[in-house]
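Engineer: Following this line is run-v7.csv, made up of CSV, C-alpha atoms:
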chain,number,residue,atom,x,y,z
W,1,MET,CA,0.0,0.0,0.0
W,2,PHE,CA,2.6,2.5,1.0
W,3,LYS,CA,6.2,2.1,-0.1
W,4,ARG,CA,9.3,4.2,0.7
W,5,ILE,CA,11.5,5.6,-2.0
W,6,ASP,CA,14.8,3.7,-2.1
W,7,LEU,CA,17.7,5.9,-1.1
W,8,PRO,CA,21.3,5.4,-2.2
W,9,PRO,CA,23.5,3.5,0.2
W,10,GLY,CA,24.7,5.7,3.0
W,11,GLU,CA,21.8,8.2,2.8
W,12,THR,CA,19.2,6.1,4.7
W,13,PRO,CA,18.4,7.8,8.0
W,14,PRO,CA,19.1,5.8,11.2
W,15,ALA,CA,16.3,3.7,12.7
W,16,VAL,CA,14.3,4.7,15.8
W,17,GLU,CA,11.9,2.5,17.7
W,18,ILE,CA,8.4,3.6,18.7
W,19,SER,CA,5.6,1.8,20.5
W,20,VAL,CA,2.2,1.6,19.0
W,21,ASP,CA,-0.5,0.2,21.3
W,22,GLY,CA,2.3,-1.7,23.0
W,23,ARG,CA,3.8,-3.1,19.8
W,24,ARG,CA,7.4,-2.2,18.9
W,25,VAL,CA,7.6,-0.5,15.5
W,26,GLU,CA,10.7,0.6,13.7
W,27,ALA,CA,10.8,3.9,11.9
W,28,ARG,CA,13.4,6.2,10.3
W,29,ALA,CA,14.6,9.3,12.1
W,30,GLY,CA,13.1,12.4,10.4
W,31,ASP,CA,9.9,10.6,9.4
W,32,THR,CA,6.5,12.0,10.4
W,33,LEU,CA,4.6,9.7,12.7
W,34,ALA,CA,1.9,9.2,10.0
W,35,THR,CA,4.6,8.1,7.5
W,36,ALA,CA,6.1,5.7,10.0
W,37,LEU,CA,2.7,4.2,10.8
W,38,LEU,CA,1.8,3.8,7.1
W,39,CYS,CA,5.1,2.1,6.4
W,40,ALA,CA,4.6,-0.3,9.3
W,41,GLY,CA,1.1,-1.2,7.9
W,42,VAL,CA,-0.7,0.4,10.8
W,43,VAL,CA,-4.2,1.3,9.4
W,44,PRO,CA,-6.6,2.6,10.3
W,45,LEU,CA,-5.3,5.0,12.9
W,46,ARG,CA,-8.6,5.8,14.5
W,47,HIS,CA,-12.3,5.4,14.4
W,48,THR,CA,-14.7,8.3,14.3
W,49,PRO,CA,-16.7,9.1,17.4
W,50,VAL,CA,-20.0,9.5,15.6
W,51,SER,CA,-20.2,6.6,13.1
W,52,GLY,CA,-17.2,4.5,14.2
W,53,ARG,CA,-15.9,4.5,10.7
W,54,PRO,CA,-12.1,3.9,10.2
W,55,ARG,CA,-9.8,6.8,9.3
W,56,SER,CA,-6.3,6.9,8.1
W,57,PRO,CA,-3.9,9.7,6.9
W,58,LEU,CA,-5.3,11.5,3.9
W,59,CYS,CA,-3.7,14.8,3.2
W,60,LEU,CA,-0.4,14.4,5.1
W,61,MET,CA,-0.2,18.1,5.7
W,62,GLY,CA,-2.4,18.9,8.7
W,63,VAL,CA,-5.6,19.9,7.0
W,64,CYS,CA,-8.0,16.9,7.3
W,65,PHE,CA,-7.5,15.6,10.9
W,66,ASP,CA,-8.0,12.0,9.8
W,67,CYS,CA,-4.6,10.9,11.3
W,68,LEU,CA,-5.3,11.7,14.9
W,69,VAL,CA,-3.6,9.5,17.5
W,70,GLU,CA,-2.5,9.7,21.1
W,71,VAL,CA,1.2,10.5,21.6
W,72,ASP,CA,2.9,10.2,25.0
W,73,GLY,CA,-0.5,10.6,26.7
W,74,MET,CA,-1.6,13.6,24.6
W,75,GLN,CA,-4.8,12.9,22.7
W,76,ASN,CA,-5.9,14.2,19.2
W,77,VAL,CA,-2.3,14.7,17.9
W,78,GLN,CA,-2.1,15.1,14.1
W,79,SER,CA,0.4,12.3,13.3
W,80,CYS,CA,1.3,13.9,10.0
W,81,LEU,CA,2.8,17.0,11.8
W,82,VAL,CA,4.9,15.1,14.4
W,83,GLU,CA,8.4,13.8,13.8
W,84,VAL,CA,9.1,10.4,15.3
W,85,ARG,CA,11.6,10.1,18.1
W,86,ASP,CA,13.0,7.1,19.8
W,87,GLY,CA,10.8,5.7,22.6
W,88,MET,CA,7.7,7.6,21.5
W,89,GLN,CA,4.5,6.0,22.9
W,90,VAL,CA,1.6,6.0,20.5
W,91,LYS,CA,-2.0,4.8,21.0
W,92,LEU,CA,-4.6,4.5,18.3
W,93,GLN,CA,-7.9,6.3,19.0
W,94,LEU,CA,-11.2,4.6,19.2
W,95,GLY,CA,-14.1,7.1,19.2
W,96,ALA,CA,-14.1,10.4,21.1
W,97,ARG,CA,-11.3,11.5,23.3
W,98,HIS,CA,-11.3,10.7,27.0
W,99,VAL,CA,-12.1,13.6,29.3
W,100,GLU,CA,-10.9,13.4,32.9
W,101,ALA,CA,-13.4,14.3,35.6
W,102,THR,CA,-12.5,17.4,37.6
W,103,SER,CA,-13.6,18.0,41.2
What is this file in structure tokens?
Structural biologist:
Amino acid sequence: MFKRIDLPPGETPPAVEISVDGRRVEARAGDTLATALLCAGVVPLRHTPVSGRPRSPLCLMGVCFDCLVEVDGMQNVQSCLVEVRDGMQVKLQLGARHVEATS
């Protein structure tokens, strides 16, 4: 479905490791999170809160909001605008975001 462009030897960025719903996923330094997830075959990234329909990255430039994920505990992060970093903790979203009760 999604394939990287082959780079000449020596130009491939180093690998980093992220966690997606507890699963280790290898990515390339400098990739956006959306790109890393697509390359790893992680689709869909979320399900809508209204209909439950699956969503995956569409525009890859921050316009459509179809690539929302949770990153290091922060919900509704546009994965196409975030660069991967080693140790990043990603959770796929199912439905509406969670709201914590306040006293």
Engineer: With 8 Å as the cut-off and all atoms listed in the file counted, what is the closest atom pair between each nearby residue of segment 63-92 of chain W and segment 31-49 of chain W? Distances in Å to one decimal, ordered by chain and number, as CSV.
Structural biologist:
residue,atom,partner,partner_atom,distance
W:Asp66,CA,W:Arg46,CA,7.8
W:Cys67,CA,W:Leu45,CA,6.2
W:Leu68,CA,W:Arg46,CA,6.8
W:Val69,CA,W:Leu45,CA,6.7
W:Ser79,CA,W:Ala34,CA,4.8
W:Cys80,CA,W:Ala34,CA,4.7
W:Leu81,CA,W:Thr32,CA,6.4
W:Val82,CA,W:Thr32,CA,5.3
W:Glu83,CA,W:Thr32,CA,4.3
W:Val84,CA,W:Leu33,CA,5.2
W:Leu92,CA,W:Leu45,CA,5.5
Engineer: Give me a file of those residues, with C-alpha atoms, as a tab-separated table (two decimals), in the coordinates of the input.
Structural biologist:
chain	number	residue	atom	x	y	z
W	66	ASP	CA	-8.00	12.00	9.80
W	67	CYS	CA	-4.60	10.90	11.30
W	68	LEU	CA	-5.30	11.70	14.90
W	69	VAL	CA	-3.60	9.50	17.50
W	79	SER	CA	0.40	12.30	13.30
W	80	CYS	CA	1.30	13.90	10.00
W	81	LEU	CA	2.80	17.00	11.80
W	82	VAL	CA	4.90	15.10	14.40
W	83	GLU	CA	8.40	13.80	13.80
W	84	VAL	CA	9.10	10.40	15.30
W	92	LEU	CA	-4.60	4.50	18.30
Engineer: Identify, on the basis of all atoms listed in the file, every residue whose closest approach to Pro14 of chain W does not exceed 10 Å; exclude the query and any residue fewer than 3 positions from it along the same chain; express the result as a PyMOL selection string.
Structural biologist: chain W and resi 10-11+27-30
Engineer: Could you tell me which of W:Arg4, W:Arg55, W:Lys91, W:Arg85 comes closest to Arg23 of chain W if we count all atoms listed in the file?
Structural biologist: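 Distance minimum relative to Arg23 of chain W lands on W:Lys91.
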Engineer: Would you please work out which residue, of W:Gly52, W:Gln78, W:Asp72, W:Leu94, is nearest to Ile18 of chain W when using only C-alpha atoms?
Structural biologist: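 Selected residue with least distance to Ile18 of chain W: W:Asp72.
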Engineer: In Å, with one decimal, what is the gap from atom CA of Cys59 of chain W to atom CA of Asp86 of chain W?
Structural biologist: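 So the answer is 24.8 Å.
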Engineer: Atom CA of Pro57 of chain W to atom CA of Pro8 of chain W: how many Å, to one decimal?
Structural biologist: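 Value for the atom CA of Pro57 of chain W-atom CA of Pro8 of chain W distance: 27.1 Å.
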Engineer: Which residue gives the smallest distance to Val16 of chain W among W:Ala96, W:Gly87, W:Val50, W:Gly73, with all atoms listed in the file counted?
Structural biologist: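 Once distances to Val16 of chain W are computed over all atoms listed in the file, the minimum belongs to W:Gly87.
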